[in-house]
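K.L.:
I have a structure here, written as structure tokens, and I will follow up with some questions on it.
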Amino acid sequence: MTITIALPSKGRIKDGTVEIFERAGLSIASIGNDRSYRGRVEGIDGIEIAYLSASEIARELASGAVDFGVTGEDLVREGMPGVDDKVEFCARLGFGQADVVVAVPEIWLDVETMADLGDVATDFRARHGRRLAIATKYWRLTQQFFSRQHGIQLYRIVESLGATEGAPAAGQADIIVDITSTGSTLKANHLKVLGDGVILKSEACLVRARKPAHDADPRVAQIISAVQTALQRADG
Ligand SMILES: Nc1ncnc2c1ncn2[C@@H]1O[C@H](COP(=O)(O)OP(=O)(O)OP(=O)(O)O)[C@@H](O)[C@H]1O
Ligand SMILES: O=P(O)(O)OC[C@H]1O[C@H](OP(=O)(O)OP(=O)(O)O)[C@H](O)[C@@H]1O
């Protein structure tokens, strides 16, 4: 069986991934020319590297089309229901840190917590004749957090595929759920994160798609242990 590892071909988490694989002694050689989207791990037979974007990697892990992937935890958790049954988070890699947060307009002075927001949602229809609208590309994480964790049911999700922080000012939504690292985009758009509004503290992870065939394959354990050992060395 060929083991496929999907690695980021571009973007924020590409360089960190290359570095951690080098430190783990998993040296990658490209197949074909330098611009090829396929590679192999030198010294271990039957391991194929597929270069994809961070969100494609989450999708391929969900479908089981790849065995391992390096991508953001936010994308993996958003991408599939019952995530912990389907994949194993083998290692948190210490880069690509960003939080998925609930943010409201700064001028909502009385709204500091999810409980305050629950009160706003309850009164919203009576006051405005419609439900509270949340702009996000993280609809699954939003539903889990609002409905299951906080018992807030009266809201509507407005799907946003970019510039989410601009949605309240543009009148497309009242509040947002989005990823933030420095916080500068939220600030520039006069939004504030609720005190208990951090849905997920994400970072780049080595993720394995759970497959029965992995149990008896020594290469699977070898890949996980190489990465974990490199991380422990970096810590120590
Ligand atoms: N400020 C940030 N904004 C967005 N994502 C961030 C940020 N900081 C770290 N990340 C993390 O980076 C990952 C996304 O990486 P990147 O933005 O490089 O992907 P991408 O190239 O946009 O992928 P795709 O093209 O498939 O959307 C996410 O898992 C996210 O958690
Ligand atoms: O907290 P900050 O450091 O300000 O970063 C947050 C911003 O970065 C990301 O957008 P990006 O411009 O990368 O576009 P993307 O959504 O296409 O990744 C994210 O969607 C936020 O808008």
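Note on naming: chains are A, B, ... as they come in the structure tokens, residues start from 1 per chain, ligands start from 1 in the order shown.
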Go through chain A and flag each residue having an atom no more than 6 Å from ligand 1; for those, report the closest pair of atoms plus their distance in Å to one decimal, using only C-alpha atoms and all ligand atoms, ordered by chain and rising number, as JSON lines.

P.N.:
```
{"residue": "A:Lys10", "atom": "CA", "partner": "ligand 1", "partner_atom_place_in_ligand_line": "21 (O)", "distance": 5.6}
{"residue": "A:Gly11", "atom": "CA", "partner": "ligand 1", "partner_atom_place_in_ligand_line": "18 (O)", "distance": 3.2}
{"residue": "A:Arg12", "atom": "CA", "partner": "ligand 1", "partner_atom_place_in_ligand_line": "18 (O)", "distance": 3.8}
{"residue": "A:Ile13", "atom": "CA", "partner": "ligand 1", "partner_atom_place_in_ligand_line": "18 (O)", "distance": 5.5}
{"residue": "A:Ser53", "atom": "CA", "partner": "ligand 1", "partner_atom_place_in_ligand_line": "26 (O)", "distance": 4.2}
{"residue": "A:Ala54", "atom": "CA", "partner": "ligand 1", "partner_atom_place_in_ligand_line": "23 (O)", "distance": 4.2}
{"residue": "A:Ser55", "atom": "CA", "partner": "ligand 1", "partner_atom_place_in_ligand_line": "26 (O)", "distance": 3.7}
{"residue": "A:Glu56", "atom": "CA", "partner": "ligand 1", "partner_atom_place_in_ligand_line": "26 (O)", "distance": 5.5}
{"residue": "A:Thr71", "atom": "CA", "partner": "ligand 1", "partner_atom_place_in_ligand_line": "29 (O)", "distance": 5.8}
{"residue": "A:Gly72", "atom": "CA", "partner": "ligand 1", "partner_atom_place_in_ligand_line": "29 (O)", "distance": 3.1}
{"residue": "A:Glu73", "atom": "CA", "partner": "ligand 1", "partner_atom_place_in_ligand_line": "29 (O)", "distance": 6.0}
{"residue": "A:Asp74", "atom": "CA", "partner": "ligand 1", "partner_atom_place_in_ligand_line": "29 (O)", "distance": 5.4}
{"residue": "A:Leu75", "atom": "CA", "partner": "ligand 1", "partner_atom_place_in_ligand_line": "29 (O)", "distance": 5.4}
{"residue": "A:Gly96", "atom": "CA", "partner": "ligand 1", "partner_atom_place_in_ligand_line": "9 (C)", "distance": 4.3}
{"residue": "A:Gln97", "atom": "CA", "partner": "ligand 1", "partner_atom_place_in_ligand_line": "9 (C)", "distance": 5.1}
{"residue": "A:Ala98", "atom": "CA", "partner": "ligand 1", "partner_atom_place_in_ligand_line": "9 (C)", "distance": 4.7}
{"residue": "A:Ile179", "atom": "CA", "partner": "ligand 1", "partner_atom_place_in_ligand_line": "3 (N)", "distance": 5.5}
{"residue": "A:Thr180", "atom": "CA", "partner": "ligand 1", "partner_atom_place_in_ligand_line": "1 (N)", "distance": 4.9}
{"residue": "A:Ser181", "atom": "CA", "partner": "ligand 1", "partner_atom_place_in_ligand_line": "1 (N)", "distance": 4.5}
{"residue": "A:Ser202", "atom": "CA", "partner": "ligand 1", "partner_atom_place_in_ligand_line": "31 (O)", "distance": 5.6}
{"residue": "A:Glu203", "atom": "CA", "partner": "ligand 1", "partner_atom_place_in_ligand_line": "31 (O)", "distance": 5.9}
```

K.L.:
Give me, as a PyMOL selection string, the set of residues whose atoms come within 10 Å of any atom of ligand 2, counting only C-alpha atoms and all ligand atoms.

P.N.:
chain A and resi 11-12+98-100+136-137+160-166+177-189

K.L.:
Show me, as JSON lines, the residues of region 187-218 of chain A having an atom within 7 Å of region 110-118 of chain A, each with the closest atom pair and its distance in Å, using only C-alpha atoms.

P.N.:
```
{"residue": "A:Leu194", "atom": "CA", "partner": "A:Thr113", "partner_atom": "CA", "distance": 5.1}
{"residue": "A:Gly195", "atom": "CA", "partner": "A:Thr113", "partner_atom": "CA", "distance": 5.4}
{"residue": "A:Asp196", "atom": "CA", "partner": "A:Thr113", "partner_atom": "CA", "distance": 5.8}
{"residue": "A:Gly197", "atom": "CA", "partner": "A:Met114", "partner_atom": "CA", "distance": 6.5}
```

K.L.:
Quick one: everything within 7 Å of Arg208 (chain A), counting only C-alpha atoms, minus sequence neighbours fewer than 5 positions away in the same chain. Send it as an NGL selection string.

P.N.:
:A and (67-69 or 87-90)

K.L.:
Mind checking which residues fall within 10 Å of Ile224 (chain A), counting only C-alpha atoms, ignoring those fewer than 2 positions away in the same chain, and posting them as a list in words?

P.N.:
Ala24, Phe68, Cys90, Ala91, Leu206, Val207, Arg208, Arg219, Val220, Ala221, Gln222, Ala226, Val227, Gln228 and Thr229 of chain A
